[in-house]
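*Asks:* Got start_7.cif for you, mmCIF, C-alpha atoms:
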```
data_start
loop_
_atom_site.group_PDB
_atom_site.id
_atom_site.type_symbol
_atom_site.label_atom_id
_atom_site.label_comp_id
_atom_site.auth_asym_id
_atom_site.auth_seq_id
_atom_site.Cartn_x
_atom_site.Cartn_y
_atom_site.Cartn_z
ATOM 1 C CA MET A 1368 6.219 43.763 50.425
ATOM 2 C CA MET A 1369 8.890 41.070 50.476
ATOM 3 C CA SER A 1370 6.383 38.280 51.109
ATOM 4 C CA LEU A 1371 4.308 39.368 48.093
ATOM 5 C CA GLU A 1372 7.359 39.041 45.810
ATOM 6 C CA ILE A 1373 8.079 35.542 47.178
ATOM 7 C CA PHE A 1374 4.464 34.581 46.539
ATOM 8 C CA LYS A 1375 4.565 35.906 42.947
ATOM 9 C CA ASP A 1376 7.878 34.150 42.311
ATOM 10 C CA ALA A 1377 6.504 30.834 43.608
ATOM 11 C CA ARG A 1378 3.412 31.256 41.426
ATOM 12 C CA ARG A 1379 5.600 31.929 38.339
ATOM 13 C CA ARG A 1380 7.635 28.766 39.053
ATOM 14 C CA ARG A 1381 4.460 26.667 39.457
ATOM 15 C CA LYS A 1382 3.048 28.092 36.216
ATOM 16 C CA LYS A 1383 6.305 27.401 34.361
ATOM 17 C CA LYS A 1384 6.420 23.839 35.729
ATOM 18 C CA LYS A 1385 2.814 23.222 34.601
ATOM 19 C CA GLU A 1386 3.624 24.497 31.107
ATOM 20 C CA GLN A 1387 6.658 22.223 30.908
ATOM 21 C CA GLU A 1388 4.605 19.210 32.011
ATOM 22 C CA LYS A 1389 1.872 20.112 29.551
ATOM 23 C CA SER A 1390 4.361 20.317 26.667
ATOM 24 C CA LYS A 1391 5.673 16.834 27.548
ATOM 25 C CA CYS A 1392 2.215 15.306 27.123
ATOM 26 C CA LYS A 1393 1.636 13.659 23.763
ATOM 27 C CA LYS A 1394 -1.019 15.130 21.555
ATOM 28 C CA ILE A 1395 -3.533 12.382 20.917
ATOM 29 C CA THR A 1396 -5.236 12.769 17.566
ATOM 30 C CA LEU A 1397 -7.791 10.758 15.670
ATOM 31 C CA ALA A 1398 -4.996 9.831 13.258
ATOM 32 C CA SER A 1399 -2.762 8.439 16.009
ATOM 33 C CA ILE A 1400 -5.628 6.417 17.484
ATOM 34 C CA ARG A 1401 -6.648 5.089 14.072
ATOM 35 C CA ILE A 1402 -3.097 4.208 12.984
ATOM 36 C CA GLN A 1403 -2.622 2.308 16.264
ATOM 37 C CA THR A 1404 -5.766 0.334 15.410
ATOM 38 C CA ASP A 1405 -4.430 -0.276 11.895
ATOM 39 C CA PHE A 1406 -1.180 -1.639 13.320
ATOM 40 C CA ASP A 1407 -3.024 -3.777 15.862
ATOM 41 C CA THR A 1408 -5.081 -5.404 13.108
ATOM 42 C CA LEU A 1409 -2.299 -5.571 10.504
ATOM 43 C CA ASP A 1410 -2.005 -9.166 9.303
ATOM 44 C CA ILE A 1411 1.135 -9.620 7.233
ATOM 45 C CA ASP A 1412 2.254 -13.027 8.485
ATOM 46 C CA ASP A 1413 0.044 -15.001 6.101
ATOM 47 C CA MET A 1414 0.835 -12.964 2.999
ATOM 48 C CA ILE A 1415 2.417 -14.613 0.007
ATOM 49 C CA ASP A 1416 5.360 -12.198 -0.012
ATOM 50 C CA ASP A 1417 7.802 -11.194 2.695
ATOM 51 C CA ILE A 1418 6.596 -7.981 4.313
ATOM 52 C CA GLU A 1419 8.432 -6.031 6.976
ATOM 53 C CA VAL A 1420 7.149 -2.935 8.745
ATOM 54 C CA LYS A 1421 9.696 -0.720 10.504
ATOM 55 C CA LEU A 1422 8.813 2.193 12.721
ATOM 56 C CA ILE A 1423 11.156 5.122 12.289
ATOM 57 C CA ASN A 1424 10.322 6.336 15.797
ATOM 58 C CA PRO A 1425 8.235 4.087 18.093
ATOM 59 C CA GLU A 1426 6.799 7.236 19.684
ATOM 60 C CA ASN A 1427 5.366 8.397 16.346
ATOM 61 C CA LEU A 1428 3.373 5.841 14.371
ATOM 62 C CA LEU A 1429 2.507 8.344 11.654
ATOM 63 C CA HIS A 1430 5.807 7.815 9.798
ATOM 64 C CA PHE A 1431 7.039 4.307 9.001
ATOM 65 C CA ASP A 1432 8.579 2.132 6.320
ATOM 66 C CA VAL A 1433 7.323 -1.029 4.662
ATOM 67 C CA PHE A 1434 9.652 -3.411 2.840
ATOM 68 C CA ILE A 1435 8.216 -5.865 0.327
ATOM 69 C CA LYS A 1436 10.075 -8.831 -1.164
ATOM 70 C CA PRO A 1437 7.889 -10.253 -3.940
ATOM 71 C CA LYS A 1438 8.321 -14.016 -4.281
ATOM 72 C CA GLY A 1439 6.546 -14.893 -7.480
ATOM 73 C CA SER A 1440 6.476 -11.847 -9.719
ATOM 74 C CA LEU A 1441 8.829 -10.384 -12.313
ATOM 75 C CA TRP A 1442 10.440 -8.415 -9.471
ATOM 76 C CA LYS A 1443 11.351 -11.571 -7.522
ATOM 77 C CA GLY A 1444 14.669 -11.163 -5.730
ATOM 78 C CA GLY A 1445 14.260 -7.476 -4.989
ATOM 79 C CA LYS A 1446 13.463 -5.777 -1.713
ATOM 80 C CA TYR A 1447 11.392 -2.644 -2.181
ATOM 81 C CA HIS A 1448 11.262 0.157 0.368
ATOM 82 C CA PHE A 1449 8.039 2.159 0.722
ATOM 83 C CA HIS A 1450 7.875 5.167 3.043
ATOM 84 C CA PHE A 1451 4.499 6.040 4.601
ATOM 85 C CA ASP A 1452 3.599 9.495 5.927
ATOM 86 C CA ILE A 1453 0.248 9.713 7.657
ATOM 87 C CA SER A 1454 -1.227 13.172 8.188
ATOM 88 C CA ASP A 1455 -3.166 14.266 11.257
ATOM 89 C CA GLU A 1456 -6.255 14.134 9.029
ATOM 90 C CA TYR A 1457 -5.999 10.341 8.571
ATOM 91 C CA PRO A 1458 -8.220 8.368 7.913
ATOM 92 C CA HIS A 1459 -10.072 11.161 6.117
ATOM 93 C CA LYS A 1460 -7.000 12.068 4.092
ATOM 94 C CA THR A 1461 -5.065 9.560 1.993
ATOM 95 C CA PRO A 1462 -1.660 8.574 3.373
ATOM 96 C CA SER A 1463 1.384 9.598 1.368
ATOM 97 C CA VAL A 1464 3.370 6.580 0.177
ATOM 98 C CA ILE A 1465 6.623 6.861 -1.774
ATOM 99 C CA CYS A 1466 8.773 4.062 -3.180
ATOM 100 C CA LYS A 1467 12.352 4.755 -2.048
ATOM 101 C CA THR A 1468 13.834 1.961 -4.200
ATOM 102 C CA LYS A 1469 14.443 2.593 -7.899
ATOM 103 C CA ILE A 1470 12.272 0.127 -9.777
ATOM 104 C CA PHE A 1471 11.421 -0.307 -13.451
ATOM 105 C CA HIS A 1472 7.646 -0.506 -13.124
ATOM 106 C CA PRO A 1473 4.781 1.151 -15.022
ATOM 107 C CA ASN A 1474 3.080 2.372 -11.837
ATOM 108 C CA ILE A 1475 6.090 3.741 -9.942
ATOM 109 C CA ASN A 1476 7.768 6.987 -10.972
ATOM 110 C CA LEU A 1477 11.543 6.587 -11.348
ATOM 111 C CA GLN A 1478 12.323 10.206 -10.457
ATOM 112 C CA ASN A 1479 10.295 10.736 -7.286
ATOM 113 C CA GLY A 1480 8.946 7.314 -6.264
ATOM 114 C CA LYS A 1481 5.301 8.350 -6.544
ATOM 115 C CA ILE A 1482 2.949 5.423 -6.974
ATOM 116 C CA CYS A 1483 -0.112 5.141 -9.160
ATOM 117 C CA LEU A 1484 -2.493 2.963 -7.173
ATOM 118 C CA ASN A 1485 -6.277 3.172 -7.499
ATOM 119 C CA ILE A 1486 -6.839 3.142 -3.746
ATOM 120 C CA PHE A 1487 -5.133 6.545 -3.477
ATOM 121 C CA SER A 1488 -7.554 8.244 -5.870
ATOM 122 C CA GLU A 1489 -10.575 6.350 -4.511
ATOM 123 C CA TRP A 1490 -9.663 6.703 -0.834
ATOM 124 C CA LYS A 1491 -12.365 6.251 1.802
ATOM 125 C CA PRO A 1492 -11.905 6.509 5.578
ATOM 126 C CA ILE A 1493 -12.836 2.848 5.940
ATOM 127 C CA TYR A 1494 -9.608 1.846 4.162
ATOM 128 C CA SER A 1495 -6.545 1.042 6.238
ATOM 129 C CA ILE A 1496 -2.801 0.540 5.929
ATOM 130 C CA GLN A 1497 -3.553 -3.137 5.270
ATOM 131 C CA HIS A 1498 -5.446 -2.149 2.108
ATOM 132 C CA ILE A 1499 -2.521 -0.079 0.856
ATOM 133 C CA ILE A 1500 -0.036 -2.891 1.486
ATOM 134 C CA HIS A 1501 -2.297 -5.312 -0.392
ATOM 135 C CA GLY A 1502 -2.499 -2.798 -3.245
ATOM 136 C CA LEU A 1503 1.282 -2.446 -3.382
ATOM 137 C CA ILE A 1504 1.711 -6.217 -3.489
ATOM 138 C CA PHE A 1505 -0.898 -6.443 -6.236
ATOM 139 C CA LEU A 1506 1.151 -4.027 -8.373
ATOM 140 C CA PHE A 1507 4.013 -6.540 -8.381
ATOM 141 C CA TYR A 1508 1.739 -9.207 -9.858
ATOM 142 C CA GLU A 1509 -0.603 -7.125 -12.023
ATOM 143 C CA PRO A 1510 0.950 -3.833 -13.146
ATOM 144 C CA ASN A 1511 -1.545 -1.396 -14.633
ATOM 145 C CA ALA A 1512 0.109 -0.416 -17.906
ATOM 146 C CA SER A 1513 -2.977 1.461 -19.100
ATOM 147 C CA ASP A 1514 -2.454 4.128 -16.410
ATOM 148 C CA PRO A 1515 1.332 4.386 -15.994
ATOM 149 C CA VAL A 1516 3.375 7.039 -14.216
ATOM 150 C CA ASN A 1517 6.499 5.546 -15.814
ATOM 151 C CA ILE A 1518 5.411 6.084 -19.431
ATOM 152 C CA LYS A 1519 8.299 4.132 -20.971
ATOM 153 C CA ALA A 1520 7.714 1.079 -18.753
ATOM 154 C CA GLY A 1521 3.996 1.225 -19.558
ATOM 155 C CA GLU A 1522 4.593 1.406 -23.317
ATOM 156 C CA VAL A 1523 7.088 -1.474 -23.329
ATOM 157 C CA TYR A 1524 4.757 -3.557 -21.137
ATOM 158 C CA ARG A 1525 1.832 -2.997 -23.519
ATOM 159 C CA ASN A 1526 3.755 -3.340 -26.797
ATOM 160 C CA ASN A 1527 6.417 -5.964 -26.121
ATOM 161 C CA TYR A 1528 5.938 -7.931 -22.906
ATOM 162 C CA ASN A 1529 9.038 -10.092 -23.457
ATOM 163 C CA LYS A 1530 11.203 -6.978 -23.804
ATOM 164 C CA PHE A 1531 9.588 -5.617 -20.628
ATOM 165 C CA LYS A 1532 10.498 -8.800 -18.742
ATOM 166 C CA ASP A 1533 14.081 -8.519 -19.999
ATOM 167 C CA MET A 1534 14.269 -4.883 -18.866
ATOM 168 C CA VAL A 1535 12.974 -5.791 -15.395
ATOM 169 C CA THR A 1536 15.584 -8.572 -15.153
ATOM 170 C CA LYS A 1537 18.260 -6.146 -16.309
ATOM 171 C CA SER A 1538 17.199 -3.665 -13.610
ATOM 172 C CA LEU A 1539 17.312 -6.399 -10.953
ATOM 173 C CA LYS A 1540 20.877 -7.206 -12.016
ATOM 174 C CA GLY A 1541 21.846 -3.599 -11.301
ATOM 175 C CA ASP A 1542 22.252 -2.588 -14.926
ATOM 176 C CA LYS A 1543 21.385 0.813 -16.384
ATOM 177 C CA ILE A 1544 18.170 1.496 -18.241
ATOM 178 C CA ASP A 1545 17.965 4.854 -20.019
ATOM 179 C CA ASN A 1546 20.982 6.094 -18.021
ATOM 180 C CA ILE A 1547 19.315 5.255 -14.696
ATOM 181 C CA ASN A 1548 21.244 3.038 -12.301
ATOM 182 C CA PHE A 1549 19.359 0.348 -10.436
ATOM 183 C CA GLN A 1550 20.280 -1.413 -7.248
ATOM 184 C CA LYS A 1551 21.622 -4.929 -7.763
ATOM 185 C CA PHE A 1552 19.334 -7.585 -6.297
ATOM 186 C CA ILE A 1553 20.186 -10.715 -8.301
#
```
Could the structure of this file be written out as structure tokens, please?

*Replies:*
Amino acid sequence: MMSLEIFKDARRRRKKKKEQEKSKCKKITLASIRIQTDFDTLDIDDMIDDIEVKLINPENLLHFDVFIKPKGSLWKGGKYHFHFDISDEYPHKTPSVICKTKIFHPNINLQNGKICLNIFSEWKPIYSIQHIIHGLIFLFYEPNASDPVNIKAGEVYRNNYNKFKDMVTKSLKGDKIDNINFQKFI
């Protein structure tokens, strides 16, 4: 009887060890494979603006930050932080991208950082992170005031462009606009 108990105990230990080893293995998903491909083909060195991609955790490529420093737009001098969350359903589901830097811009919501970018509503699995980064850069040069998420910025842009430019400059200097504080960049 004693030898049977030893055998069962050894089997329980082996089973427990296997479960522990199994839990240590990374779950490989289509999203993780695809995002690795996106990173491997990401070409930001030749872009007009300074772009920096920072992984929050090198073991998890599905959550990362992108910093954009526009060189030739109204927002020149600023450094804008965009947080990317990629779901396990990527590339079939649109990535979530939030602007973490307060910015006076027609297509970026001041309260929650949500971004109005056509690629998000027209998403196709063939698109990549590179496409989103290009779209974000494009917003710095060609804001879409006809479809704003920041209604006030969109109205000022459409009705009085010079006032809009002044308000952007004011925001870059760290001044308040409509009781909202902005980070000082210039």

*Asks:* Residues picked by the PyMOL selection byres ((chain A and resi 1396-1399) around 10) here, as a count of residues only?

*Replies:* 20

*Asks:* As an exercise, work out the distance from atom CA of A:Ala1520 to atom CA of A:Asn1546 in Å and give it to one decimal place.

*Replies:* 14.2 Å

*Asks:* Which residue out of A:Asp1533, A:Asp1452, A:Asp1417, A:Asp1514 has the minimum interatomic distance to A:Asn1485 when all atoms listed in the file are used?

*Replies:*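 Going through A:Asp1533, A:Asp1452, A:Asp1417, A:Asp1514 one by one, the smallest distance to A:Asn1485 is for A:Asp1514.
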
*Asks:* Under the PyMOL selection byres ((chain A and resi 1466) around 6), which residues of this model are included? Write them out as JSON, numbers by chain.

*Replies:* {"A": [1448, 1449, 1465, 1467, 1468, 1480]}

*Asks:* List, as a PDB file with C-alpha atoms, in the frame of the given file, every residue that the PyMOL selection byres ((chain A and resi 1539) around 10) selects in the file provided.

*Replies:*
```pdb
ATOM      1  CA  LEU A1441       8.829 -10.384 -12.313  1.00  0.00           C
ATOM      2  CA  TRP A1442      10.440  -8.415  -9.471  1.00  0.00           C
ATOM      3  CA  LYS A1443      11.351 -11.571  -7.522  1.00  0.00           C
ATOM      4  CA  GLY A1444      14.669 -11.163  -5.730  1.00  0.00           C
ATOM      5  CA  GLY A1445      14.260  -7.476  -4.989  1.00  0.00           C
ATOM      6  CA  LYS A1469      14.443   2.593  -7.899  1.00  0.00           C
ATOM      7  CA  ILE A1470      12.272   0.127  -9.777  1.00  0.00           C
ATOM      8  CA  PHE A1471      11.421  -0.307 -13.451  1.00  0.00           C
ATOM      9  CA  ASP A1533      14.081  -8.519 -19.999  1.00  0.00           C
ATOM     10  CA  MET A1534      14.269  -4.883 -18.866  1.00  0.00           C
ATOM     11  CA  VAL A1535      12.974  -5.791 -15.395  1.00  0.00           C
ATOM     12  CA  THR A1536      15.584  -8.572 -15.153  1.00  0.00           C
ATOM     13  CA  LYS A1537      18.260  -6.146 -16.309  1.00  0.00           C
ATOM     14  CA  SER A1538      17.199  -3.665 -13.610  1.00  0.00           C
ATOM     15  CA  LYS A1540      20.877  -7.206 -12.016  1.00  0.00           C
ATOM     16  CA  GLY A1541      21.846  -3.599 -11.301  1.00  0.00           C
ATOM     17  CA  ASP A1542      22.252  -2.588 -14.926  1.00  0.00           C
ATOM     18  CA  LYS A1543      21.385   0.813 -16.384  1.00  0.00           C
ATOM     19  CA  PHE A1549      19.359   0.348 -10.436  1.00  0.00           C
ATOM     20  CA  GLN A1550      20.280  -1.413  -7.248  1.00  0.00           C
ATOM     21  CA  LYS A1551      21.622  -4.929  -7.763  1.00  0.00           C
ATOM     22  CA  PHE A1552      19.334  -7.585  -6.297  1.00  0.00           C
ATOM     23  CA  ILE A1553      20.186 -10.715  -8.301  1.00  0.00           C
TER      24      ILE A1553
END
```

*Asks:* Please measure the separation of atom CA of A:Asn1479 and atom CA of A:Ile1547, giving the value in Å to one decimal.

*Replies:*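 Those two atoms sit 12.9 Å apart.
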
*Asks:* Quick one, how far is atom CA of A:Val1433 from atom CA of A:Leu1409?

*Replies:*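 Calculated distance between atom CA of A:Val1433 and atom CA of A:Leu1409 is 12.1 Å.
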
*Asks:* Give the answer as one residue: which of A:His1472, A:Lys1491, A:Lys1436, A:His1501 has the shortest atom-to-atom distance to A:Val1523, using all atoms listed in the file?

*Replies:*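 Nearest candidate to A:Val1523 out of A:His1472, A:Lys1491, A:Lys1436, A:His1501: A:His1472.
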
*Asks:* Please identify all polymer residues within 8 Å of A:Pro1473, counting all atoms listed in the file, omitting same-chain residues fewer than 3 positions from it, and present them as an mmCIF file with C-alpha atoms, keeping the file's coordinate frame.

*Replies:*
```cif
data_model
loop_
_atom_site.group_PDB
_atom_site.id
_atom_site.type_symbol
_atom_site.label_atom_id
_atom_site.label_comp_id
_atom_site.auth_asym_id
_atom_site.auth_seq_id
_atom_site.Cartn_x
_atom_site.Cartn_y
_atom_site.Cartn_z
ATOM 1 C CA ASN A 1476 7.768 6.987 -10.972
ATOM 2 C CA PRO A 1510 0.950 -3.833 -13.146
ATOM 3 C CA ASN A 1511 -1.545 -1.396 -14.633
ATOM 4 C CA ALA A 1512 0.109 -0.416 -17.906
ATOM 5 C CA ASP A 1514 -2.454 4.128 -16.410
ATOM 6 C CA PRO A 1515 1.332 4.386 -15.994
ATOM 7 C CA VAL A 1516 3.375 7.039 -14.216
ATOM 8 C CA ASN A 1517 6.499 5.546 -15.814
ATOM 9 C CA ILE A 1518 5.411 6.084 -19.431
ATOM 10 C CA LYS A 1519 8.299 4.132 -20.971
ATOM 11 C CA ALA A 1520 7.714 1.079 -18.753
ATOM 12 C CA GLY A 1521 3.996 1.225 -19.558
ATOM 13 C CA TYR A 1524 4.757 -3.557 -21.137
#
```

*Asks:* When distances are computed from only C-alpha atoms, which of A:Ile1544, A:Ile1411, A:Ile1423, A:Ile1475 shows the smallest separation from A:Phe1451?

*Replies:*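 Closest residue, counting only C-alpha atoms: A:Ile1423.
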
*Asks:* Looking at all atoms listed in the file, which of A:Ile1499, A:Ile1504, A:Asp1407, A:Glu1522 is the one that sits closest to A:Ser1440?

*Replies:*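 With all atoms listed in the file as the atom set, the closest residue is A:Ile1504.
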
*Asks:* Considering all atoms listed in the file, state which residue in the set A:Leu1506, A:Leu1484, A:Val1420, A:Ile1493 is at the smallest distance from A:Pro1437.

*Replies:*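 Residue with the minimum atom-to-atom distance to A:Pro1437: A:Leu1506.
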
*Asks:* Using all atoms listed in the file, pick whichever of A:Tyr1447, A:Lys1532, A:Asp1410, A:Gly1439 has the shortest atom-to-atom distance to A:Leu1503.

*Replies:*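 For A:Leu1503, the nearest of the given residues is A:Tyr1447.
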